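Novice: Here you go, my_file_16.txt (compact mmCIF, C-alpha atoms):
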```
# COMPACT_ATOMS: atom_id res chain seq x y z
CA MET A 1 4.03 11.56 23.90
CA ARG A 2 0.62 11.56 22.27
CA VAL A 3 0.78 10.65 18.56
CA TYR A 4 -2.19 10.96 16.22
CA PHE A 5 -2.27 9.03 12.93
CA GLY A 6 -4.57 10.41 10.22
CA VAL A 7 -4.60 7.54 7.73
CA CYS A 8 -6.14 7.23 4.27
CA GLY A 9 -8.69 4.41 4.52
CA ILE A 10 -8.77 3.37 0.84
CA GLY A 11 -7.42 -0.18 0.94
CA LEU A 12 -5.06 -1.40 3.67
CA GLY A 13 -1.70 -0.15 2.42
CA HIS A 14 -1.70 3.20 4.22
CA ALA A 15 -2.78 1.70 7.55
CA GLY A 16 -0.41 -1.23 6.97
CA ARG A 17 2.66 0.99 6.92
CA CYS A 18 1.58 3.15 9.89
CA ILE A 19 0.67 0.28 12.21
CA PRO A 20 4.27 -1.03 12.65
CA VAL A 21 5.40 2.49 13.58
CA ALA A 22 2.47 2.84 16.00
CA HIS A 23 3.33 -0.47 17.70
CA LYS A 24 6.93 0.67 18.23
CA LEU A 25 5.68 3.91 19.77
CA LEU A 26 3.41 1.92 22.08
CA GLU A 27 6.44 -0.07 23.23
CA LYS A 28 8.04 3.24 24.19
CA GLY A 29 5.01 4.11 26.31
CA ASP A 30 3.43 6.62 23.92
CA ASN A 31 -0.32 7.09 23.51
CA ILE A 32 -1.71 6.40 20.03
CA PHE A 33 -4.92 7.39 18.26
CA PHE A 34 -5.95 6.66 14.67
CA SER A 35 -8.39 8.49 12.44
CA THR A 36 -9.42 6.57 9.33
CA TYR A 37 -12.40 5.23 7.37
CA SER A 38 -13.68 2.53 5.00
CA ASP A 39 -11.45 -0.54 4.50
CA ALA A 40 -8.85 0.46 7.10
CA ILE A 41 -11.36 0.50 10.01
CA ASN A 42 -11.34 -3.28 10.47
CA TYR A 43 -7.56 -3.39 10.23
CA ILE A 44 -7.12 -0.76 12.96
CA GLN A 45 -9.64 -2.62 15.14
CA HIS A 46 -7.83 -5.90 14.47
CA GLU A 47 -4.60 -4.34 15.77
CA GLY A 48 -6.32 -3.02 18.92
CA PHE A 49 -5.78 0.72 18.50
CA ALA A 50 -8.14 3.47 19.64
CA PHE A 51 -9.62 5.22 16.62
CA GLY A 52 -12.15 7.69 15.31
CA LYS A 53 -14.20 6.92 12.21
CA ALA A 54 -13.94 9.75 9.68
CA PRO A 55 -16.29 10.37 6.72
CA ALA A 56 -15.21 8.22 3.79
CA ILE A 57 -13.59 9.48 0.60
CA TYR A 58 -13.16 6.95 -2.19
CA PHE A 59 -12.69 6.17 -5.85
CA ALA A 60 -15.80 4.96 -7.64
CA VAL A 61 -15.26 1.69 -9.50
CA LYS A 62 -16.98 -0.30 -12.20
CA PRO A 63 -18.12 -3.91 -11.61
CA ASP A 64 -14.74 -5.25 -12.83
CA GLY A 65 -12.82 -3.03 -10.38
CA THR A 66 -11.80 -0.46 -12.98
CA VAL A 67 -11.67 3.08 -11.62
CA ASP A 68 -14.75 4.92 -12.90
CA PHE A 69 -13.59 8.43 -13.79
CA ARG A 70 -17.03 9.90 -14.40
CA LYS A 71 -18.48 8.73 -11.09
CA THR A 72 -15.29 9.52 -9.20
CA THR A 73 -15.46 13.18 -10.19
CA ALA A 74 -19.16 13.43 -9.28
CA TYR A 75 -20.65 13.72 -5.77
CA PRO A 76 -19.92 11.97 -3.48
CA GLY A 77 -16.59 11.07 -5.08
CA ILE A 78 -13.05 11.86 -4.13
CA PHE A 79 -13.25 15.50 -5.22
CA SER A 80 -16.39 16.34 -3.25
CA THR A 81 -15.85 19.55 -1.29
CA LEU A 82 -18.67 18.65 1.08
CA ILE A 83 -17.14 15.30 2.06
CA PHE A 84 -13.74 16.91 2.54
CA LEU A 85 -15.18 19.59 4.83
CA LYS A 86 -16.91 16.88 6.87
CA GLN A 87 -13.57 15.09 7.16
CA LEU A 88 -11.91 18.29 8.29
CA GLN A 89 -14.60 18.83 10.90
CA ALA A 90 -14.11 15.27 12.17
CA GLU A 91 -10.32 15.73 12.34
CA LEU A 92 -10.67 18.90 14.38
CA LYS A 93 -13.04 17.11 16.74
CA PHE A 94 -10.76 14.07 17.18
CA MET A 95 -7.64 16.18 17.70
CA LYS A 96 -9.30 18.42 20.28
CA TYR A 97 -10.38 15.27 22.12
CA PHE A 98 -7.01 13.45 21.94
CA LYS A 99 -4.75 16.54 22.29
CA PRO A 100 -1.82 15.11 20.30
CA ASP A 101 1.77 16.33 20.52
CA LEU A 102 2.37 15.24 16.93
CA VAL A 103 0.15 14.41 13.94
CA ILE A 104 1.31 11.87 11.38
CA SER A 105 -0.72 12.08 8.19
CA ASP A 106 -0.56 9.22 5.73
CA SER A 107 -1.96 10.78 2.55
CA ARG A 108 -4.68 12.66 4.47
CA ALA A 109 -4.96 16.34 3.53
CA SER A 110 -7.73 16.92 6.09
CA SER A 111 -5.45 15.76 8.93
CA ILE A 112 -2.73 18.16 7.81
CA ILE A 113 -5.05 21.17 7.61
CA ALA A 114 -6.68 20.38 10.97
CA ALA A 115 -3.28 20.05 12.65
CA LYS A 116 -2.14 23.33 11.13
CA LEU A 117 -5.28 25.11 12.41
CA LEU A 118 -4.56 23.73 15.90
CA SER A 119 -0.81 24.52 15.71
CA ILE A 120 0.22 20.87 16.09
CA PRO A 121 3.47 19.67 14.41
CA ILE A 122 2.87 17.50 11.33
CA VAL A 123 4.86 14.73 9.64
CA THR A 124 3.41 13.38 6.39
CA ILE A 125 3.94 9.92 4.90
CA LEU A 126 3.02 9.54 1.24
CA ASN A 127 4.04 7.97 -2.04
CA LEU A 128 1.69 9.95 -4.29
CA TYR A 129 2.91 13.53 -4.22
CA ARG A 130 1.86 14.28 -7.76
CA VAL A 131 -1.87 13.50 -7.81
CA ARG A 132 -3.19 12.34 -11.16
CA ILE A 133 -6.81 11.41 -11.69
CA PRO A 134 -7.69 8.24 -13.64
CA ARG A 135 -7.71 8.72 -17.38
CA GLU A 136 -10.11 7.59 -20.06
CA LYS A 137 -9.77 8.79 -23.64
CA ARG A 138 -13.13 10.52 -23.77
CA PHE A 139 -12.30 12.48 -20.59
CA LEU A 140 -8.64 13.18 -21.40
CA ASN A 141 -8.90 16.98 -21.79
CA LEU A 142 -10.90 17.31 -18.57
CA ALA A 143 -8.39 15.07 -16.80
CA GLN A 144 -5.47 17.24 -17.90
CA ILE A 145 -7.20 20.44 -16.74
CA ALA A 146 -8.12 18.86 -13.39
CA ASP A 147 -4.57 17.53 -12.95
CA GLY A 148 -3.13 21.03 -13.13
CA GLY A 149 -5.39 22.39 -10.39
CA ILE A 150 -5.23 19.32 -8.16
CA LEU A 151 -1.44 19.08 -8.43
CA THR A 152 -1.08 22.70 -7.30
CA LEU A 153 -3.58 22.52 -4.43
CA VAL A 154 -2.57 19.15 -3.01
CA GLY A 155 1.14 19.94 -3.34
CA MET A 156 0.52 23.06 -1.26
CA VAL A 157 -1.26 20.99 1.42
CA TRP A 158 1.53 18.39 1.66
CA ASN A 159 4.05 21.19 2.13
CA ILE A 160 2.29 22.48 5.23
CA SER A 161 3.99 19.52 6.95
CA GLU A 162 7.30 19.94 8.74
CA GLU A 163 8.60 16.83 6.95
CA ILE A 164 7.43 14.60 4.08
CA LEU A 165 8.54 10.97 4.23
CA ILE A 166 8.44 8.73 1.13
CA PRO A 167 8.42 5.01 2.10
CA ASP A 168 10.30 3.92 -1.01
CA PHE A 169 13.74 2.73 -2.12
CA PRO A 170 16.50 5.27 -2.83
CA TRP A 171 17.44 6.25 -6.37
CA PRO A 172 17.88 4.48 -8.78
CA TYR A 173 15.43 1.89 -7.42
CA THR A 174 12.63 4.30 -6.47
CA LEU A 175 9.39 2.55 -7.48
CA SER A 176 7.01 5.50 -7.11
CA LEU A 177 9.25 7.79 -9.17
CA ASN A 178 6.53 8.68 -11.68
CA ASN A 179 4.05 9.44 -8.87
CA LEU A 180 6.27 11.99 -7.16
CA GLY A 181 7.20 14.88 -9.47
CA ILE A 182 8.37 17.05 -6.58
CA SER A 183 9.46 20.57 -7.51
CA PRO A 184 13.13 21.34 -6.68
CA TRP A 185 12.17 24.21 -4.34
CA ARG A 186 10.10 21.78 -2.24
CA GLU A 187 12.64 18.96 -1.98
CA SER A 188 14.15 20.21 1.29
CA LYS A 189 11.24 18.75 3.26
CA VAL A 190 11.24 15.41 1.44
CA LYS A 191 13.12 12.29 2.52
CA LEU A 192 13.16 8.80 0.99
CA VAL A 193 13.14 6.58 4.10
CA GLY A 194 12.84 3.16 2.43
CA PRO A 195 9.88 0.76 2.56
CA ILE A 196 8.27 0.11 5.92
CA ILE A 197 8.97 -3.58 6.60
CA GLN A 198 7.31 -4.94 9.74
CA VAL A 199 9.23 -8.24 9.75
CA LYS A 200 12.74 -8.57 8.29
CA PRO A 201 13.74 -11.75 6.40
CA GLU A 202 16.53 -12.50 8.88
CA GLU A 203 14.01 -12.54 11.74
CA LEU A 204 12.24 -15.57 10.24
CA PRO A 205 13.18 -19.23 9.90
CA SER A 206 15.00 -20.21 6.71
CA GLU A 207 13.12 -20.50 3.44
CA GLU A 208 13.63 -24.27 3.49
CA GLN A 209 12.23 -24.57 7.02
CA ILE A 210 9.10 -22.58 6.15
CA ARG A 211 8.51 -24.53 2.93
CA ASP A 212 8.89 -27.78 4.86
CA LYS A 213 6.40 -26.58 7.49
CA ILE A 214 3.73 -25.74 4.90
CA GLY A 215 4.39 -28.88 2.86
CA VAL A 216 6.09 -27.55 -0.26
CA LYS A 217 8.57 -29.89 -1.94
CA LYS A 218 11.86 -28.80 -3.53
CA ASN A 219 10.59 -29.42 -7.08
CA GLU A 220 7.38 -27.43 -6.53
CA LEU A 221 6.82 -23.75 -7.26
CA LEU A 222 5.18 -21.78 -4.46
CA ILE A 223 3.12 -18.87 -5.77
CA PHE A 224 1.92 -16.28 -3.27
CA VAL A 225 -1.15 -14.45 -4.61
CA SER A 226 -1.51 -11.34 -2.47
CA ILE A 227 -4.85 -9.61 -3.05
CA SER A 228 -5.01 -5.98 -1.94
CA GLY A 229 -7.04 -2.83 -2.46
CA PRO A 230 -10.50 -1.57 -1.50
CA ILE A 231 -13.22 -4.22 -1.22
CA SER A 232 -15.19 -2.85 -4.18
CA GLU A 233 -12.05 -2.76 -6.31
CA LYS A 234 -10.84 -6.28 -5.56
CA ARG A 235 -14.14 -8.17 -5.58
CA HIS A 236 -14.03 -8.95 -9.31
CA PHE A 237 -10.28 -9.64 -9.20
CA ILE A 238 -10.74 -12.23 -6.45
CA THR A 239 -13.45 -14.01 -8.45
CA VAL A 240 -11.23 -14.17 -11.54
CA MET A 241 -8.11 -15.29 -9.66
CA LYS A 242 -9.95 -18.05 -7.79
CA LYS A 243 -10.93 -19.58 -11.11
CA LEU A 244 -7.49 -19.24 -12.67
CA VAL A 245 -5.36 -20.65 -9.84
CA LYS A 246 -7.44 -23.84 -9.73
CA ARG A 247 -6.22 -24.65 -13.24
CA PHE A 248 -2.55 -24.81 -12.29
CA PRO A 249 -0.93 -28.28 -12.26
CA GLU A 250 -0.02 -30.00 -9.00
CA ASN A 251 3.66 -28.95 -9.08
CA TYR A 252 2.42 -25.40 -8.43
CA LYS A 253 1.45 -24.67 -4.84
CA ILE A 254 -0.81 -21.63 -4.62
CA ILE A 255 -1.32 -19.58 -1.46
CA MET A 256 -3.89 -16.79 -1.87
CA SER A 257 -4.58 -14.09 0.72
CA LEU A 258 -7.83 -12.12 0.42
CA ALA A 259 -6.73 -9.46 2.95
CA GLU A 260 -9.91 -9.50 5.05
CA PRO A 261 -8.97 -8.44 8.61
CA ASN A 262 -11.27 -9.66 11.40
CA SER A 263 -12.50 -12.49 9.16
CA PHE A 264 -13.37 -15.59 11.15
CA ASN A 265 -13.53 -17.82 8.08
CA LYS A 266 -11.10 -20.71 7.95
CA PRO A 267 -8.68 -21.30 5.04
CA VAL A 268 -10.21 -23.15 2.12
CA ARG A 269 -8.03 -25.92 0.64
CA ASP A 270 -8.64 -27.50 -2.75
CA LYS A 271 -5.81 -29.80 -3.91
CA ASN A 272 -2.79 -27.53 -4.50
CA VAL A 273 -4.61 -24.23 -3.75
CA THR A 274 -5.14 -22.72 -0.29
CA ILE A 275 -7.16 -19.53 0.09
CA TYR A 276 -6.82 -17.55 3.32
CA PRO A 277 -9.25 -14.76 4.28
CA TRP A 278 -6.41 -13.23 6.33
CA ILE A 279 -2.79 -14.25 6.91
CA SER A 280 -1.26 -12.95 10.12
CA ASN A 281 2.17 -14.41 9.27
CA ARG A 282 2.20 -13.29 5.64
CA PHE A 283 5.93 -12.53 5.75
CA GLU A 284 6.64 -16.24 6.17
CA PHE A 285 4.82 -16.98 2.92
CA LEU A 286 6.61 -14.04 1.31
CA LYS A 287 9.98 -15.47 2.32
CA ALA A 288 9.12 -19.02 1.23
CA CYS A 289 7.50 -18.29 -2.14
CA ASP A 290 9.09 -18.28 -5.59
CA VAL A 291 6.86 -15.62 -7.15
CA VAL A 292 4.42 -13.00 -5.88
CA VAL A 293 1.27 -12.30 -7.91
CA SER A 294 -0.47 -9.10 -6.89
CA ARG A 295 -1.91 -5.72 -7.71
CA ALA A 296 0.65 -2.92 -8.07
CA GLY A 297 0.45 -1.08 -4.75
CA LEU A 298 3.76 0.32 -3.55
CA GLY A 299 3.69 -1.61 -0.25
CA THR A 300 3.28 -5.04 -1.83
CA ILE A 301 5.90 -4.43 -4.53
CA SER A 302 8.50 -3.03 -2.15
CA GLN A 303 7.98 -5.84 0.38
CA ALA A 304 8.44 -8.48 -2.31
CA ILE A 305 11.66 -6.84 -3.57
CA TYR A 306 12.95 -6.44 0.00
CA TYR A 307 12.46 -10.22 0.33
CA GLY A 308 14.09 -10.88 -3.06
CA LYS A 309 10.96 -12.11 -4.84
CA PRO A 310 10.07 -11.38 -8.49
CA LEU A 311 6.51 -10.29 -9.19
CA VAL A 312 3.66 -10.67 -11.61
CA LEU A 313 1.76 -7.40 -11.36
CA ILE A 314 -1.85 -6.95 -12.45
CA PRO A 315 -2.62 -3.26 -11.79
CA THR A 316 -6.19 -2.08 -11.35
CA PRO A 317 -7.32 -0.76 -14.75
CA SER A 318 -7.36 3.07 -14.99
CA HIS A 319 -5.58 3.35 -11.62
CA THR A 320 -2.73 5.66 -12.63
CA GLU A 321 -0.72 5.23 -9.41
CA GLN A 322 -0.65 1.45 -9.80
CA MET A 323 0.01 1.66 -13.53
CA ASN A 324 3.04 3.90 -12.86
CA ASN A 325 4.34 1.57 -10.12
CA ALA A 326 3.98 -1.43 -12.43
CA ARG A 327 5.74 0.27 -15.33
CA ARG A 328 8.60 1.28 -13.07
CA ALA A 329 9.01 -2.25 -11.63
CA LYS A 330 8.98 -3.65 -15.16
CA ALA A 331 11.55 -1.08 -16.35
CA LEU A 332 13.84 -2.17 -13.50
CA ASN A 333 13.42 -5.85 -14.60
CA LEU A 334 11.84 -6.75 -11.27
CA ALA A 335 8.38 -7.73 -12.50
CA THR A 336 6.21 -8.89 -15.36
CA VAL A 337 3.05 -6.84 -15.93
CA LEU A 338 -0.33 -8.16 -17.09
CA ASP A 339 -3.37 -6.21 -18.25
CA GLN A 340 -6.39 -7.36 -16.22
CA ARG A 341 -8.58 -7.04 -19.30
CA LYS A 342 -6.45 -9.67 -21.06
CA LEU A 343 -6.03 -11.90 -18.03
CA CYS A 344 -6.46 -15.63 -18.67
CA TYR A 345 -4.81 -18.84 -17.48
CA GLU A 346 -2.35 -19.00 -20.38
CA ALA A 347 -1.23 -15.38 -19.89
CA LEU A 348 -0.83 -15.82 -16.13
CA GLU A 349 1.10 -19.07 -16.42
CA MET A 350 3.42 -17.57 -19.04
CA ALA A 351 3.95 -14.44 -16.90
CA ILE A 352 4.96 -16.56 -13.89
CA ARG A 353 7.53 -18.44 -15.97
CA GLU A 354 8.80 -15.19 -17.48
CA THR A 355 9.15 -13.38 -14.16
CA LEU A 356 11.25 -16.23 -12.73
CA SER A 357 13.97 -15.01 -15.12
CA HIS A 358 14.06 -11.75 -13.11
CA LYS A 359 15.09 -13.59 -9.93
CA GLU A 360 18.79 -12.68 -10.08
CA LYS A 361 18.04 -9.01 -10.77
CA VAL A 362 15.65 -8.88 -7.80
CA LEU A 363 18.26 -10.51 -5.54
CA ASP A 364 20.83 -7.98 -6.73
CA VAL A 365 18.52 -5.08 -5.81
CA GLN A 366 17.69 -6.77 -2.50
CA ARG A 367 21.38 -6.88 -1.59
CA LYS A 368 21.71 -3.15 -2.30
CA VAL A 369 18.62 -1.94 -0.45
CA GLY A 370 17.94 -4.69 2.08
CA LYS A 371 19.63 -2.88 4.99
CA ASP A 372 17.25 0.09 4.95
CA ASP A 373 15.30 0.42 8.19
CA ALA A 374 12.44 2.83 7.57
CA ILE A 375 10.75 2.21 10.92
CA ASN A 376 13.81 3.28 12.92
CA THR A 377 14.33 6.26 10.62
CA ILE A 378 10.74 7.40 11.18
CA LEU A 379 11.05 6.84 14.93
CA GLU A 380 14.17 9.03 14.97
CA ILE A 381 12.27 11.77 13.12
CA ILE A 382 9.38 11.50 15.57
CA ALA A 383 11.83 11.72 18.47
CA THR A 384 12.91 15.19 17.32
CA HIS A 385 9.36 16.37 18.10
CA ARG A 386 9.41 15.10 21.69
CA ASN A 387 9.40 17.72 24.41
CA PRO A 388 12.81 18.08 26.08
```
Show the structure stored in the file as structure tokens.

Specialist:
Amino acid sequence: MRVYFGVCGIGLGHAGRCIPVAHKLLEKGDNIFFSTYSDAINYIQHEGFAFGKAPAIYFAVKPDGTVDFRKTTAYPGIFSTLIFLKQLQAELKFMKYFKPDLVISDSRASSIIAAKLLSIPIVTILNLYRVRIPREKRFLNLAQIADGGILTLVGMVWNISEEILIPDFPWPYTLSLNNLGISPWRESKVKLVGPIIQVKPEELPSEEQIRDKIGVKKNELLIFVSISGPISEKRHFITVMKKLVKRFPENYKIIMSLAEPNSFNKPVRDKNVTIYPWISNRFEFLKACDVVVSRAGLGTISQAIYYGKPLVLIPTPSHTEQMNNARRAKALNLATVLDQRKLCYEALEMAIRETLSHKEKVLDVQRKVGKDDAINTILEIIATHRNP
């Protein structure tokens, strides 16, 4: 079977949840091709997959990583018709070259439309069904008008797919709840498959063994700072976090991942802080840590909860998807949320201590949802599209 992945290239989260599925398909002898752009290119290369580089669509950001609404809505931002048409042209070219039996779109409207034009079956993976553009008070009316049109158009595109898979926990623990807003007459195509977890906790050594291997004592707190998002969006955040973590006392062990695939830089160690450009065994650190500090992407939050770890979430300012994820995690008592614009050492240290009180609640949720196997579920759905 020839499977084509059209993956949103903004950040690494979309590629990160498709790659484990692609590897399983490779093990079955299937042929795989990726189409993506921007940040995800290096990640796809790092994993060794064949790919085509599509024209980039992106959110414009300010120097501090805040989503810039005015620039985003102007050419060549995310709503540029010209860029979208170029993407569509590229998708048609790649698909005609690869001749896929199935197209899997992860939040890529252009892949869906191209597959439809070529009469190729489509399965869509997404966690943002209800598209909302970033809001600023002075642009609020324009944002509301744009939301109405975008919601209608993009919802229609998603529904071209045979099936829509949401990689999130089942109700009542659905984290992306406020980003879905699916109309009842469209729910028949939608399935919550659970988070895509590449490595399960039970497949790793015990927490004590991992902590012993990396030199963390029983009386020390291990904080895993997982940086994610587009390069332009996380640049300022990395600078701020590097300064803050160096102020923590020695009984805190800090592991920070910068999420830079293909980086050849070695880890930088400074007393109780270790900064990795890229961590290939990140699930070991996730299992061993006491608290995860991160942005509020769905993948990072759901992985932490699957591993039973409470979070300190610092969503990208004006990024409505992340803000909604963070609010939902907080409402479920799984995380403490910080405003980046008020971020300082005292606030971060207090948030870490506060979120430790959520540990039992997170473990309770983990016990209820920890048996979900999204990868196998997706593979079973893909198998229904195989030729007899």

Novice: For Pro121 (chain A), which residue among A:Lys53, A:His23, A:His385, A:Arg247 is the nearest when counting all atoms listed in the file?

Specialist: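 Among the listed residues, the smallest separation from Pro121 (chain A) belongs to A:His385.
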
Novice: May I ask which of the residues A:Ile210, A:Lys217, A:Tyr173, A:Ala288 is the closest one to Leu334 (chain A), counting only C-alpha atoms?

Specialist: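 Between A:Ile210, A:Lys217, A:Tyr173, A:Ala288, the residue approaching Leu334 (chain A) most closely is A:Tyr173.
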
Novice: So which residues touch region 320-322 of chain A within 6 Å, counting only C-alpha atoms, skipping near sequence neighbours fewer than 3 positions away, as a list in words?

Specialist: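 Result of the neighbour search: Pro134, Ala296, Gly297, Pro315 and Asn325 of chain A.
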
Novice: For Lys361 (chain A), which residue out of A:Cys18, A:Ile275, A:Ala331, A:Ala383 is the nearest one, using all atoms listed in the file?

Specialist: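 When distances to Lys361 (chain A) are compared using all atoms listed in the file, the smallest one comes from A:Ala331.
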
Novice: Ranking A:Leu92, A:Ile381, A:Leu177, A:Asp101 by minimum distance to Leu117 (chain A) and counting only C-alpha atoms, which one comes first?

Specialist: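 Of all the options, A:Leu92 lies closest to Leu117 (chain A).
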
Novice: Quick one: of A:Thr239, A:Ser302, A:Gln45, A:Asn324, who's nearest to Pro170 (chain A), counting all atoms listed in the file?

Specialist: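 Closest to Pro170 (chain A), using all atoms listed in the file: A:Ser302.
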
Novice: Which distance in Å separates CA of Ile122 (chain A) and CA of Val103 (chain A), to one decimal?

Specialist: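 For CA of Ile122 (chain A) relative to CA of Val103 (chain A), the distance reads 4.9 Å.
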
Novice: Please provide the set of residues having any atom within 10 Å of Leu363 (chain A), restricted to all atoms listed in the file, with same-chain residues fewer than 6 positions apart removed, written as a PyMOL selection string.

Specialist: chain A and resi 305-310+334+369-370

Novice: How far is it from CA of Arg327 (chain A) to CA of Val245 (chain A), in Å with one decimal?

Specialist: 24.3 Å

Novice: In Å to one decimal, how far is CA of Leu25 (chain A) from CA of Ile197 (chain A)?

Specialist: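 Answer for the CA of Ile197 (chain A) to CA of Leu25 (chain A) separation: 15.5 Å.
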
Novice: With distances taken over all atoms listed in the file, which of A:Asn127, A:Thr316, A:Gln89, A:Ser188 is nearest to Ser232 (chain A)?

Specialist: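 Closest to Ser232 (chain A) of all the choices is A:Thr316.
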
Novice: Hey, what's within 10 Å of Val193 (chain A) if we count only C-alpha atoms and toss same-chain stuff fewer than 5 positions away? As a PyMOL selection string, please?

Specialist: chain A and resi 125+164-170+372-378

Novice: Calculate, to one decimal in Å, the centre and edge lengths of the box along x, y and z of the file that holds all listed atoms of region 83-92 of chain A with 6 Å of margin on each side, and present them as JSON.

Specialist:
```
{"center_x": -13.7, "center_y": 17.3, "center_z": 8.2, "size_x": 18.8, "size_y": 16.5, "size_z": 24.3}
```

Novice: Please identify all polymer residues within 10 Å of Ala56 (chain A), counting all atoms listed in the file, omitting same-chain residues fewer than 3 positions from it, and present them as a PyMOL selection string.

Specialist: chain A and resi 8-10+36-39+53+76-78+83-84+86-87

Novice: Could you pull the residues within 9 Å of Val7 (chain A), counting only C-alpha atoms, minus those fewer than 2 positions along the same chain, as a PyMOL selection string?

Specialist: chain A and resi 5+9+14-15+18+34-37+40+104-108+111
